[in-house]
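This report concerns only the one structure given below.
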Amino acid sequence: MATHHKQAQQLARRLFKLSVVAGLVSPELVAGVLEYVEKHRPANPAMVLKAYHRLIATELAKSRALVEHAGSLGDPVLRSIAAVMTQKYRRPITAVARPNPALIAGLRVRVGDDIYESSVASQLATLAASF
């Protein structure tokens, strides 16, 4: 069973590499990979597709800034965040807003595994931890 899992992971990584051009996931190449898997039915296709999906989702998250906010957030702020993150990461970043009243006030921005937070909730948590 472990051998099947390892083989599925290796195939998924090879297929993933075929899906990325110049650091960006290509929808056309992803469609081609999915057609290939459907047509050629590798061993353990569900395992391969699950691993492939995880790799693609992780890569896509690197090009998206999820901006959680309390209160209102306008398009100019989102564009500004996208521009700053594009410059910081040296790749195109799009910003997507998601309301989160638990922040009380402020923002939390996530790009891939990186989190930038300036919110009242995080400041209160830091203050509470210092006691």
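Chains: A, B, ... in order of the structure tokens. Residues: from 1 per chain. Ligands: from 1, in order shown.
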
Practice problem: For segment 57-71 of chain A, work out the shell of residues within 9 Å, counting only C-alpha atoms and skipping chain neighbours fewer than 3 positions away, then give it as a PyMOL selection string. | Solution: chain A and resi 20+23-25+52-54+78+81-82+85-86+89+91-113+119

Dump as a JSON list (two decimals), in the first residue's frame, selection limited to N, CA and C atoms:
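Once written, out.json looks like this:
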[["chain", "number", "residue", "atom", "x", "y", "z"],
["A", 20, "VAL", "N", 2.43, 23.89, -14.71],
["A", 20, "VAL", "CA", 2.89, 25.21, -14.30],
["A", 20, "VAL", "C", 3.87, 25.75, -15.34],
["A", 23, "GLY", "N", 5.96, 29.81, -13.39],
["A", 23, "GLY", "CA", 5.50, 30.00, -12.02],
["A", 23, "GLY", "C", 4.00, 30.16, -11.86],
["A", 24, "LEU", "N", 3.24, 30.01, -12.93],
["A", 24, "LEU", "CA", 1.78, 30.16, -12.87],
["A", 24, "LEU", "C", 1.09, 28.89, -13.35],
["A", 25, "VAL", "N", 0.01, 28.52, -12.66],
["A", 25, "VAL", "CA", -0.79, 27.36, -13.06],
["A", 25, "VAL", "C", -1.54, 27.72, -14.34],
["A", 52, "TYR", "N", -2.59, 15.50, -6.78],
["A", 52, "TYR", "CA", -2.46, 16.54, -7.80],
["A", 52, "TYR", "C", -3.29, 17.77, -7.40],
["A", 53, "HIS", "N", -4.51, 17.54, -6.94],
["A", 53, "HIS", "CA", -5.38, 18.63, -6.50],
["A", 53, "HIS", "C", -4.74, 19.43, -5.38],
["A", 54, "ARG", "N", -4.16, 18.75, -4.40],
["A", 54, "ARG", "CA", -3.52, 19.41, -3.27],
["A", 54, "ARG", "C", -2.35, 20.30, -3.76],
["A", 78, "LEU", "N", -8.37, 46.89, -1.68],
["A", 78, "LEU", "CA", -8.01, 45.58, -2.23],
["A", 78, "LEU", "C", -6.96, 45.70, -3.34],
["A", 81, "ILE", "N", -3.62, 46.47, -1.71],
["A", 81, "ILE", "CA", -3.05, 45.27, -1.09],
["A", 81, "ILE", "C", -2.48, 44.35, -2.17],
["A", 82, "ALA", "N", -3.22, 44.16, -3.26],
["A", 82, "ALA", "CA", -2.75, 43.32, -4.36],
["A", 82, "ALA", "C", -1.45, 43.88, -4.94],
["A", 85, "MET", "N", 1.46, 43.27, -2.43],
["A", 85, "MET", "CA", 1.82, 41.85, -2.37],
["A", 85, "MET", "C", 2.46, 41.38, -3.69],
["A", 86, "THR", "N", 2.01, 41.93, -4.81],
["A", 86, "THR", "CA", 2.63, 41.60, -6.09],
["A", 86, "THR", "C", 4.09, 42.04, -6.09],
["A", 89, "TYR", "N", 6.12, 39.71, -3.43],
["A", 89, "TYR", "CA", 6.34, 38.33, -3.85],
["A", 89, "TYR", "C", 6.90, 38.21, -5.27],
["A", 91, "ARG", "N", 5.44, 38.32, -8.10],
["A", 91, "ARG", "CA", 4.57, 37.56, -8.99],
["A", 91, "ARG", "C", 3.17, 38.17, -8.88],
["A", 92, "PRO", "N", 2.32, 37.99, -9.88],
["A", 92, "PRO", "CA", 0.98, 38.59, -9.81],
["A", 92, "PRO", "C", 0.17, 38.01, -8.65],
["A", 93, "ILE", "N", -0.36, 38.89, -7.83],
["A", 93, "ILE", "CA", -1.20, 38.49, -6.69],
["A", 93, "ILE", "C", -2.54, 39.19, -6.85],
["A", 94, "THR", "N", -3.62, 38.43, -6.71],
["A", 94, "THR", "CA", -4.95, 39.03, -6.70],
["A", 94, "THR", "C", -5.45, 39.02, -5.26],
["A", 95, "ALA", "N", -6.22, 40.03, -4.92],
["A", 95, "ALA", "CA", -6.76, 40.15, -3.56],
["A", 95, "ALA", "C", -8.24, 39.81, -3.57],
["A", 96, "VAL", "N", -8.64, 39.00, -2.59],
["A", 96, "VAL", "CA", -10.03, 38.58, -2.44],
["A", 96, "VAL", "C", -10.46, 38.91, -1.02],
["A", 97, "ALA", "N", -11.58, 39.61, -0.88],
["A", 97, "ALA", "CA", -12.06, 40.02, 0.45],
["A", 97, "ALA", "C", -12.97, 38.98, 1.06],
["A", 98, "ARG", "N", -12.84, 38.81, 2.38],
["A", 98, "ARG", "CA", -13.74, 37.94, 3.14],
["A", 98, "ARG", "C", -14.03, 38.61, 4.48],
["A", 99, "PRO", "N", -15.28, 38.97, 4.74],
["A", 99, "PRO", "CA", -15.62, 39.58, 6.04],
["A", 99, "PRO", "C", -15.36, 38.61, 7.19],
["A", 100, "ASN", "N", -14.82, 39.15, 8.29],
["A", 100, "ASN", "CA", -14.57, 38.35, 9.49],
["A", 100, "ASN", "C", -14.77, 39.25, 10.70],
["A", 101, "PRO", "N", -16.00, 39.32, 11.23],
["A", 101, "PRO", "CA", -16.28, 40.21, 12.37],
["A", 101, "PRO", "C", -15.49, 39.86, 13.63],
["A", 102, "ALA", "N", -14.96, 38.64, 13.72],
["A", 102, "ALA", "CA", -14.19, 38.25, 14.90],
["A", 102, "ALA", "C", -12.89, 39.05, 15.03],
["A", 103, "LEU", "N", -12.46, 39.70, 13.97],
["A", 103, "LEU", "CA", -11.26, 40.52, 14.05],
["A", 103, "LEU", "C", -11.50, 41.82, 14.82],
["A", 104, "ILE", "N", -12.74, 42.16, 15.06],
["A", 104, "ILE", "CA", -13.21, 43.37, 15.73],
["A", 104, "ILE", "C", -12.95, 44.59, 14.85],
["A", 105, "ALA", "N", -11.71, 44.83, 14.49],
["A", 105, "ALA", "CA", -11.34, 45.90, 13.56],
["A", 105, "ALA", "C", -9.98, 45.53, 12.98],
["A", 106, "GLY", "N", -9.72, 45.97, 11.77],
["A", 106, "GLY", "CA", -8.42, 45.69, 11.17],
["A", 106, "GLY", "C", -8.49, 44.66, 10.07],
["A", 107, "LEU", "N", -7.29, 44.11, 9.74],
["A", 107, "LEU", "CA", -7.15, 43.19, 8.61],
["A", 107, "LEU", "C", -6.29, 41.99, 8.97],
["A", 108, "ARG", "N", -6.53, 40.89, 8.26],
["A", 108, "ARG", "CA", -5.63, 39.73, 8.24],
["A", 108, "ARG", "C", -5.50, 39.35, 6.78],
["A", 109, "VAL", "N", -4.25, 39.31, 6.29],
["A", 109, "VAL", "CA", -3.99, 38.99, 4.88],
["A", 109, "VAL", "C", -3.19, 37.70, 4.85],
["A", 110, "ARG", "N", -3.67, 36.74, 4.07],
["A", 110, "ARG", "CA", -2.97, 35.46, 3.91],
["A", 110, "ARG", "C", -2.61, 35.28, 2.44],
["A", 111, "VAL", "N", -1.31, 35.04, 2.21],
["A", 111, "VAL", "CA", -0.81, 34.70, 0.88],
["A", 111, "VAL", "C", -0.08, 33.38, 1.04],
["A", 112, "GLY", "N", -0.64, 32.31, 0.49],
["A", 112, "GLY", "CA", -0.05, 30.99, 0.70],
["A", 112, "GLY", "C", -0.03, 30.67, 2.18],
["A", 113, "ASP", "N", 1.13, 30.40, 2.74],
["A", 113, "ASP", "CA", 1.28, 30.10, 4.16],
["A", 113, "ASP", "C", 1.63, 31.33, 4.99],
["A", 119, "SER", "N", -4.99, 43.57, 13.61],
["A", 119, "SER", "CA", -6.38, 43.64, 14.03],
["A", 119, "SER", "C", -6.45, 43.83, 15.53]]

Once DSSP has gone over the backbone, tell me which residues of chain A are in strand (DSSP E), as a PDB file with N, CA, C and O atoms, in the first residue's frame.
ATOM      1  N   VAL A  20       2.430  23.885 -14.709  1.00  0.00           N
ATOM      2  CA  VAL A  20       2.894  25.215 -14.296  1.00  0.00           C
ATOM      3  C   VAL A  20       3.871  25.753 -15.341  1.00  0.00           C
ATOM      4  O   VAL A  20       4.819  25.077 -15.716  1.00  0.00           O
ATOM      5  N   VAL A  21       3.600  26.977 -15.796  1.00  0.00           N
ATOM      6  CA  VAL A  21       4.458  27.636 -16.769  1.00  0.00           C
ATOM      7  C   VAL A  21       4.851  28.994 -16.198  1.00  0.00           C
ATOM      8  O   VAL A  21       3.986  29.774 -15.798  1.00  0.00           O
ATOM      9  N   LEU A  24       3.237  30.011 -12.934  1.00  0.00           N
ATOM     10  CA  LEU A  24       1.781  30.156 -12.874  1.00  0.00           C
ATOM     11  C   LEU A  24       1.089  28.887 -13.350  1.00  0.00           C
ATOM     12  O   LEU A  24       1.514  28.271 -14.328  1.00  0.00           O
ATOM     13  N   VAL A  25       0.013  28.519 -12.663  1.00  0.00           N
ATOM     14  CA  VAL A  25      -0.787  27.360 -13.061  1.00  0.00           C
ATOM     15  C   VAL A  25      -1.540  27.716 -14.344  1.00  0.00           C
ATOM     16  O   VAL A  25      -2.194  28.747 -14.425  1.00  0.00           O
ATOM     17  N   ARG A  64      -2.794  34.370  -4.467  1.00  0.00           N
ATOM     18  CA  ARG A  64      -4.030  35.002  -3.995  1.00  0.00           C
ATOM     19  C   ARG A  64      -3.820  35.523  -2.586  1.00  0.00           C
ATOM     20  O   ARG A  64      -3.305  34.810  -1.721  1.00  0.00           O
ATOM     21  N   ALA A  65      -4.197  36.768  -2.377  1.00  0.00           N
ATOM     22  CA  ALA A  65      -4.174  37.354  -1.038  1.00  0.00           C
ATOM     23  C   ALA A  65      -5.604  37.312  -0.513  1.00  0.00           C
ATOM     24  O   ALA A  65      -6.487  37.996  -1.037  1.00  0.00           O
ATOM     25  N   LEU A  66      -5.844  36.481   0.485  1.00  0.00           N
ATOM     26  CA  LEU A  66      -7.153  36.435   1.130  1.00  0.00           C
ATOM     27  C   LEU A  66      -7.149  37.499   2.206  1.00  0.00           C
ATOM     28  O   LEU A  66      -6.373  37.431   3.166  1.00  0.00           O
ATOM     29  N   VAL A  67      -7.983  38.519   2.043  1.00  0.00           N
ATOM     30  CA  VAL A  67      -8.015  39.662   2.943  1.00  0.00           C
ATOM     31  C   VAL A  67      -9.256  39.547   3.822  1.00  0.00           C
ATOM     32  O   VAL A  67     -10.368  39.814   3.382  1.00  0.00           O
ATOM     33  N   GLU A  68      -9.049  39.125   5.068  1.00  0.00           N
ATOM     34  CA  GLU A  68     -10.153  39.076   6.026  1.00  0.00           C
ATOM     35  C   GLU A  68     -10.243  40.446   6.672  1.00  0.00           C
ATOM     36  O   GLU A  68      -9.218  41.062   6.988  1.00  0.00           O
ATOM     37  N   HIS A  69     -11.453  40.920   6.873  1.00  0.00           N
ATOM     38  CA  HIS A  69     -11.632  42.267   7.405  1.00  0.00           C
ATOM     39  C   HIS A  69     -12.862  42.346   8.289  1.00  0.00           C
ATOM     40  O   HIS A  69     -13.816  41.603   8.122  1.00  0.00           O
ATOM     41  N   ALA A  70     -12.793  43.266   9.241  1.00  0.00           N
ATOM     42  CA  ALA A  70     -13.956  43.623  10.054  1.00  0.00           C
ATOM     43  C   ALA A  70     -14.399  44.989   9.548  1.00  0.00           C
ATOM     44  O   ALA A  70     -13.576  45.858   9.294  1.00  0.00           O
ATOM     45  N   THR A  94      -3.618  38.434  -6.715  1.00  0.00           N
ATOM     46  CA  THR A  94      -4.949  39.026  -6.701  1.00  0.00           C
ATOM     47  C   THR A  94      -5.454  39.021  -5.261  1.00  0.00           C
ATOM     48  O   THR A  94      -5.121  38.128  -4.488  1.00  0.00           O
ATOM     49  N   ALA A  95      -6.221  40.034  -4.919  1.00  0.00           N
ATOM     50  CA  ALA A  95      -6.759  40.147  -3.563  1.00  0.00           C
ATOM     51  C   ALA A  95      -8.241  39.812  -3.565  1.00  0.00           C
ATOM     52  O   ALA A  95      -8.989  40.272  -4.424  1.00  0.00           O
ATOM     53  N   VAL A  96      -8.642  38.999  -2.594  1.00  0.00           N
ATOM     54  CA  VAL A  96     -10.030  38.581  -2.444  1.00  0.00           C
ATOM     55  C   VAL A  96     -10.458  38.912  -1.017  1.00  0.00           C
ATOM     56  O   VAL A  96      -9.770  38.546  -0.060  1.00  0.00           O
ATOM     57  N   ALA A  97     -11.584  39.605  -0.878  1.00  0.00           N
ATOM     58  CA  ALA A  97     -12.060  40.024   0.447  1.00  0.00           C
ATOM     59  C   ALA A  97     -12.971  38.979   1.063  1.00  0.00           C
ATOM     60  O   ALA A  97     -13.748  38.317   0.371  1.00  0.00           O
ATOM     61  N   ARG A  98     -12.836  38.810   2.385  1.00  0.00           N
ATOM     62  CA  ARG A  98     -13.741  37.940   3.138  1.00  0.00           C
ATOM     63  C   ARG A  98     -14.027  38.606   4.485  1.00  0.00           C
ATOM     64  O   ARG A  98     -13.119  38.797   5.295  1.00  0.00           O
ATOM     65  N   PRO A  99     -15.285  38.975   4.741  1.00  0.00           N
ATOM     66  CA  PRO A  99     -15.621  39.580   6.036  1.00  0.00           C
ATOM     67  C   PRO A  99     -15.356  38.610   7.187  1.00  0.00           C
ATOM     68  O   PRO A  99     -15.612  37.410   7.064  1.00  0.00           O
ATOM     69  N   GLY A 106      -9.718  45.966  11.774  1.00  0.00           N
ATOM     70  CA  GLY A 106      -8.421  45.691  11.171  1.00  0.00           C
ATOM     71  C   GLY A 106      -8.485  44.656  10.074  1.00  0.00           C
ATOM     72  O   GLY A 106      -9.554  44.338   9.561  1.00  0.00           O
ATOM     73  N   LEU A 107      -7.285  44.107   9.737  1.00  0.00           N
ATOM     74  CA  LEU A 107      -7.152  43.187   8.614  1.00  0.00           C
ATOM     75  C   LEU A 107      -6.287  41.994   8.968  1.00  0.00           C
ATOM     76  O   LEU A 107      -5.397  42.087   9.819  1.00  0.00           O
ATOM     77  N   ARG A 108      -6.528  40.889   8.262  1.00  0.00           N
ATOM     78  CA  ARG A 108      -5.629  39.733   8.240  1.00  0.00           C
ATOM     79  C   ARG A 108      -5.495  39.345   6.777  1.00  0.00           C
ATOM     80  O   ARG A 108      -6.484  39.108   6.093  1.00  0.00           O
ATOM     81  N   VAL A 109      -4.252  39.314   6.288  1.00  0.00           N
ATOM     82  CA  VAL A 109      -3.989  38.988   4.883  1.00  0.00           C
ATOM     83  C   VAL A 109      -3.188  37.698   4.850  1.00  0.00           C
ATOM     84  O   VAL A 109      -2.156  37.582   5.506  1.00  0.00           O
ATOM     85  N   ARG A 110      -3.666  36.736   4.069  1.00  0.00           N
ATOM     86  CA  ARG A 110      -2.967  35.457   3.913  1.00  0.00           C
ATOM     87  C   ARG A 110      -2.610  35.275   2.442  1.00  0.00           C
ATOM     88  O   ARG A 110      -3.466  35.334   1.568  1.00  0.00           O
ATOM     89  N   VAL A 111      -1.312  35.037   2.209  1.00  0.00           N
ATOM     90  CA  VAL A 111      -0.811  34.700   0.876  1.00  0.00           C
ATOM     91  C   VAL A 111      -0.075  33.380   1.042  1.00  0.00           C
ATOM     92  O   VAL A 111       0.974  33.332   1.686  1.00  0.00           O
ATOM     93  N   ASP A 114       1.839  32.481   4.352  1.00  0.00           N
ATOM     94  CA  ASP A 114       2.213  33.700   5.065  1.00  0.00           C
ATOM     95  C   ASP A 114       0.970  34.452   5.528  1.00  0.00           C
ATOM     96  O   ASP A 114       0.016  34.619   4.759  1.00  0.00           O
ATOM     97  N   ILE A 115       1.011  34.932   6.777  1.00  0.00           N
ATOM     98  CA  ILE A 115      -0.111  35.692   7.341  1.00  0.00           C
ATOM     99  C   ILE A 115       0.416  37.015   7.859  1.00  0.00           C
ATOM    100  O   ILE A 115       1.407  37.068   8.589  1.00  0.00           O
ATOM    101  N   TYR A 116      -0.283  38.088   7.477  1.00  0.00           N
ATOM    102  CA  TYR A 116       0.012  39.432   7.963  1.00  0.00           C
ATOM    103  C   TYR A 116      -1.252  39.911   8.667  1.00  0.00           C
ATOM    104  O   TYR A 116      -2.317  39.922   8.068  1.00  0.00           O
ATOM    105  N   GLU A 117      -1.118  40.291   9.922  1.00  0.00           N
ATOM    106  CA  GLU A 117      -2.316  40.667  10.660  1.00  0.00           C
ATOM    107  C   GLU A 117      -2.093  41.943  11.446  1.00  0.00           C
ATOM    108  O   GLU A 117      -1.077  42.116  12.119  1.00  0.00           O
ATOM    109  N   SER A 118      -3.070  42.816  11.336  1.00  0.00           N
ATOM    110  CA  SER A 118      -3.136  44.017  12.145  1.00  0.00           C
ATOM    111  C   SER A 118      -4.597  44.199  12.506  1.00  0.00           C
ATOM    112  O   SER A 118      -5.361  44.819  11.787  1.00  0.00           O
ATOM    113  N   SER A 119      -4.986  43.569  13.615  1.00  0.00           N
ATOM    114  CA  SER A 119      -6.376  43.640  14.028  1.00  0.00           C
ATOM    115  C   SER A 119      -6.449  43.835  15.531  1.00  0.00           C
ATOM    116  O   SER A 119      -5.507  43.536  16.265  1.00  0.00           O
TER     117      SER A 119
END

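If you look at atom CA of Lys50 of chain A and atom CA of Ala22 of chain A, they are 23.6 Å away from each other.
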
Exercise. Enumerate as number ranges by chain all residues of chain A assigned to alpha helix (DSSP H) by DSSP on the backbone, naming them with the chain letters and numbers the document uses.
Key: A: 2-19, 27-40, 45-61, 75-89, 120-129

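The neighbours of segment 7-15 of chain A here are the residues that come within 10 Å of it, using only C-alpha atoms and leaving out any residue fewer than 5 positions away in the same chain; they are Met1, Ala2, Val20, Leu29, Val30, Gly32, Val33, Leu34, Tyr36, Val37, Pro42, Ala43, Asn44, Pro45, Ala46, Met47, Val48, Leu49, Lys50, Ala51, Tyr52, His53, Arg54, Leu55 and Ile56 of chain A.
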